[in-house]
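Heads up: the structure comes next, in structure tokens.
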Protein chains: 2
Amino acid sequence: MIKKIISRPQSNWTKDEGLNNNIVISSRIRLARNLYKLTMPSFQKEADASFVLDKVKKAVDALGLQNKELLYFYRLNELTDIEREILFEKHLISSEHREGKANKGLLINERESVSIMINEEDHIRIQTLFPGLQLDKAWEFADDIDDKLESQLQYAFDQKIGYLTSCPTNVGTGLRASVMVHLPALALTKQSGIVLNSLGQLGLTVRGLYGEGTESIGNLYQISNQVTLGQTETEIIQNLTTLTKEIVQKEEETRKWLLKENLLQLKNRVGRAFGILQNSAILNTQEALNYLSDVRMGIDLGIITNAISGNNLSELIVLAQPGFIQRNMETTLEPIERDAIRADIFAQKFRVGGAK
Amino acid sequence: MIKKIISRPQSNWTKDEGLNNNIVISSRIRLARNLYKLTMPSFQKEADASFVLDKVKKAVDALGLQNKELLYFYRLNELTDIEREILFEKHLISSEHREGKANKGLLINERESVSIMINEEDHIRIQTLFPGLQLDKAWEFADDIDDKLESQLQYAFDQKIGYLTSCPTNVGTGLRASVMVHLPALALTKQSGIVLNSLGQLGLTVRGLYGEGTESIGNLYQISNQVTLGQTETEIIQNLTTLTKEIVQKEEETRKWLLKENLLQLKNRVGRAFGILQNSAILNTQEALNYLSDVRMGIDLGIITNAISGNNLSELIVLAQPGFIQRNMETTLEPIERDAIRADIFAQKFRVGGAK
């Protein structure tokens, strides 16, 4: 299963239709859980960690999951560097888990719509991914998996404060809901800073494509709740959904304004980005994502036609990543070699089509 | 005839094959002549100028020229601003002549391979244009026209110093021989400055695309003799031909070196330039010429295939010019409107093809 996952840029979960999936790329739910009376991962000895890993694996085996819920188990230190890199690039494991230390585990389904990290910051981190703005569906799915696990495992839980977690910012619901949004028009008109900064006051956090500490490239932003305590899961999800819809509306209004007032400039930007993706021989990740952002906006607005379908941005983002580029190589590539392969891949992807 | 000339970007003289026409775009000969005992143009009264104009026109009529030598006569003040602008852009008249003052004349053949300006800086300026490196042929043609004119007109000529001209720098042969060269590889490797500056010590001058005081854009340079006195016409032409061949060789060696040592970077530069020309919605003259330079080098080196033939650079340079863009419009266009039309023209021209 892992070979299949790392060999395809597009995860199967992206093939479902989602609301606003031209601006909201994906919705994600993450639940942090820990096992009752066992040492938290940051203080674990190897024996503790091994014990937790076995316990969770056995619990999952005992559940006899089927279909979309069927989970495959991997120890991270048994995967290659490239495999872990690609899992990270596909948002299936965290930066920390990517290091591949002993007794770190992963459970993942074939669709890549659920992944469970074992012995990350918490004993258990359940993550579900849905295309577009579907936080409620992602939550239902995560909640269902969580209930099933809880039927086999005793969680560290306090009646008054809720789920206990390694980091106090996750205590309570242990829930982090997030959306990945693509805001090229707001970025182009220099409004993204203002719009996104205002979210901080509403209890939300904005990060780049690969979470904490990463810069925004390709006008892609992850927006998530900051608070996990004092709000129910439904309230957290409802709040983020409402604010995401407002941001989507702002982005859409700005796109309409650009189409009406700056059509030529827009066509020029989008067309040149398309021409560069179609004809480069050297292309780094950041350039690829930035030009991809312009082209995607061009596709959404009907300026670019006959090109690749608008639904595959998730796939193209993964395609642009260094790990994925190296997947079939025996040795690590030099950056210039990766940039050349990336340029070839994109030239191939954008072989046809163009601006109207 | 003038309507035909201003409506086509490609002059018929460019269709002949010329030596090294992938690096040497064109060869030009200009002869400065004045009529015996008549006031030079800078001191002319309108009556003097009108007299010269009639005299030259009658002389040409009396010759009964045929075929390639058949000349059409125009008074510059009877042409429109756009017509004069396009004649300038096609190198058929000078910047000064473009102003279209009264009693300035032009004689031109259908192929645009010979143009004679009347009452420019001198009474008569004969210019011939050939594609590639063919200064000898351009000289033969100019010399023949000159002999025919001299059979009807008495030139201001001194047995000791030669032809008398308005500006002392033209006295003697009155000959300016020049070549237009395209040196993208020397420019890319920062060698063009060194190579071209050294020409000054060898009696040559380097200018941009539109002569004196214009900057080099699109890596196009006009190289011409500085000295007209103390050398025969043949010596001047031989000297410029020899030095041009040396420059061509340096450019070719540098292209080979780039192909061998920097193929990926070269493909990237050439490919992106092609993609931008193919997909822009706004394109100014300078950008068009600079990207055209990269694409032309790509065509010459076989990196770009299936695109427009490599022989049409002269045409594309004219296509990029503001005057030519405006030719079919009743009113003058704003720069942004011209840039949009130019982008459309180039997108159309580069509709097919691409980098290998």
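In the structure tokens, each chain is lettered A, B, ... as it comes, each chain's residues begin at 1, and ligands are numbered from 1 in order of appearance.
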(request) Find the residues in chain A near chain B: any atom within 12 Å counts, using only C-alpha atoms. Write them as JSON, numbers by chain. (result) {"A": [262, 263, 264, 265, 266, 267, 268, 269, 270, 271, 272, 273, 274, 275, 276, 277, 278, 279, 280, 281, 282, 283, 284, 295, 303, 304, 336, 337, 339, 340, 341, 343, 344, 347, 348, 350, 351, 352, 353, 354, 355, 356]}
(message) List as a PyMOL selection string the protein and nucleic acid residues near Arg176 in chain B, meaning an atom at most 9 Å away when only C-alpha atoms are counted, but skip any in the same chain fewer than 2 places from it.
(response) chain B and resi 28-32+170+173-174+178+224-228+236
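Residue neighbourhood of range 153-165 of chain A, excluding near-sequence residues (fewer than 4 positions): A:Ala32, A:Arg33, A:Asn34, A:Leu35, A:Tyr36, A:Lys37, A:Val56, A:Ala59, A:Asp122, A:Leu149, A:Asn170, A:Val171, A:Gly172, A:Thr173, A:Gly174, A:Leu229, at 8 Å, using only C-alpha atoms.
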(request) Just list the residues in range 123-341 of chain A DSSP gives strand (DSSP E or B) on the backbone, as an MDAnalysis selection string. (result) chainID A and resid 124:131 155 157:158 162:163 172 175:182 204:208 211 220:225 304:305
(message) Quick check for you: according to DSSP on this backbone, which residues of range 31-268 of chain B are classed as alpha helix (DSSP H)? Reply as a PyMOL selection string.
(response) chain B and resi 46-63+81-89+135-150+184-188+192-197+233-261+263-268
(request) Might you pull out every residue within 9 Å of range 124-141 of chain B, with only C-alpha atoms counted and same-chain residues fewer than 5 positions away left off, and present them as JSON, numbers by chain? (result) {"B": [13, 14, 15, 16, 17, 18, 19, 20, 21, 22, 23, 24, 25, 26, 27, 28, 29, 30, 31, 32, 33, 34, 35, 56, 92, 112, 113, 114, 115, 116, 117, 118, 119, 146, 177, 178, 179, 180, 181, 233, 234, 237, 238, 240, 241, 244, 245]}
(message) Report as a PyMOL selection string all protein, DNA and RNA residues lying within 8 Å of Leu196 in chain A, evaluated on only C-alpha atoms, omitting residues in the same chain fewer than 4 positions from it.
(response) chain A and resi 192+200+206
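Using only C-alpha atoms, the shortest contact distance between Glu252 in chain B and any of B:Glu315, B:Pro184, B:Lys104, B:Phe43 is found at B:Pro184.
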At a cut-off of 10 Å, using only C-alpha atoms, what residues contact Ala187 in chain B? Leave out same-chain residues fewer than 2 positions from it and give the result as a PDB file with N, CA and C atoms, in the first residue's frame.
```
ATOM      1  N   HIS B 182      23.275  40.178 -34.618  1.00  0.00           N
ATOM      2  CA  HIS B 182      22.503  39.687 -33.475  1.00  0.00           C
ATOM      3  C   HIS B 182      23.439  38.835 -32.620  1.00  0.00           C
ATOM      4  N   LEU B 183      23.781  39.342 -31.409  1.00  0.00           N
ATOM      5  CA  LEU B 183      24.821  38.700 -30.596  1.00  0.00           C
ATOM      6  C   LEU B 183      24.311  38.262 -29.213  1.00  0.00           C
ATOM      7  N   PRO B 184      23.313  37.401 -29.176  1.00  0.00           N
ATOM      8  CA  PRO B 184      22.749  37.012 -27.877  1.00  0.00           C
ATOM      9  C   PRO B 184      23.719  36.223 -26.994  1.00  0.00           C
ATOM     10  N   ALA B 185      24.538  35.363 -27.584  1.00  0.00           N
ATOM     11  CA  ALA B 185      25.444  34.548 -26.768  1.00  0.00           C
ATOM     12  C   ALA B 185      26.542  35.414 -26.165  1.00  0.00           C
ATOM     13  N   THR B 189      26.909  36.074 -22.061  1.00  0.00           N
ATOM     14  CA  THR B 189      28.151  35.772 -21.342  1.00  0.00           C
ATOM     15  C   THR B 189      28.950  37.034 -21.025  1.00  0.00           C
ATOM     16  N   LYS B 190      28.291  38.184 -21.148  1.00  0.00           N
ATOM     17  CA  LYS B 190      28.884  39.486 -20.813  1.00  0.00           C
ATOM     18  C   LYS B 190      30.151  39.801 -21.609  1.00  0.00           C
ATOM     19  N   GLN B 191      30.272  39.245 -22.801  1.00  0.00           N
ATOM     20  CA  GLN B 191      31.454  39.512 -23.614  1.00  0.00           C
ATOM     21  C   GLN B 191      31.208  40.605 -24.649  1.00  0.00           C
ATOM     22  N   SER B 192      29.929  40.948 -24.899  1.00  0.00           N
ATOM     23  CA  SER B 192      29.638  41.869 -25.996  1.00  0.00           C
ATOM     24  C   SER B 192      30.294  43.228 -25.783  1.00  0.00           C
ATOM     25  N   GLY B 193      30.301  43.706 -24.542  1.00  0.00           N
ATOM     26  CA  GLY B 193      30.912  44.999 -24.244  1.00  0.00           C
ATOM     27  C   GLY B 193      32.375  45.029 -24.659  1.00  0.00           C
ATOM     28  N   VAL B 195      34.043  42.922 -26.665  1.00  0.00           N
ATOM     29  CA  VAL B 195      34.230  42.692 -28.101  1.00  0.00           C
ATOM     30  C   VAL B 195      33.904  43.953 -28.898  1.00  0.00           C
ATOM     31  N   GLY B 218      17.364  43.895 -27.632  1.00  0.00           N
ATOM     32  CA  GLY B 218      17.267  42.635 -28.371  1.00  0.00           C
ATOM     33  C   GLY B 218      18.627  42.120 -28.822  1.00  0.00           C
ATOM     34  N   ASN B 219      19.695  42.552 -28.166  1.00  0.00           N
ATOM     35  CA  ASN B 219      21.063  42.121 -28.518  1.00  0.00           C
ATOM     36  C   ASN B 219      21.392  42.356 -29.988  1.00  0.00           C
ATOM     37  N   LEU B 220      20.815  43.429 -30.549  1.00  0.00           N
ATOM     38  CA  LEU B 220      21.057  43.806 -31.941  1.00  0.00           C
ATOM     39  C   LEU B 220      21.996  45.015 -31.958  1.00  0.00           C
ATOM     40  N   GLU B 251      30.731  34.847 -31.769  1.00  0.00           N
ATOM     41  CA  GLU B 251      29.354  34.546 -31.366  1.00  0.00           C
ATOM     42  C   GLU B 251      29.074  33.048 -31.534  1.00  0.00           C
ATOM     43  N   THR B 254      30.838  31.011 -28.888  1.00  0.00           N
ATOM     44  CA  THR B 254      30.177  31.165 -27.599  1.00  0.00           C
ATOM     45  C   THR B 254      28.871  30.370 -27.565  1.00  0.00           C
TER      46      THR B 254
END
```
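For the atom pair formed by CA of Gln222 in chain B and CA of Leu209 in chain B, the distance is 6.4 Å, given to one decimal.
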(request) State, in Å with one decimal place, the distance from CA of Leu204 in chain B to CA of Ile223 in chain B. (result) 6.7 Å
(message) Rounded to one decimal, what separation in Å do you get between CA of Ile299 in chain A and CA of Arg342 in chain A?
(response) 20.9 Å
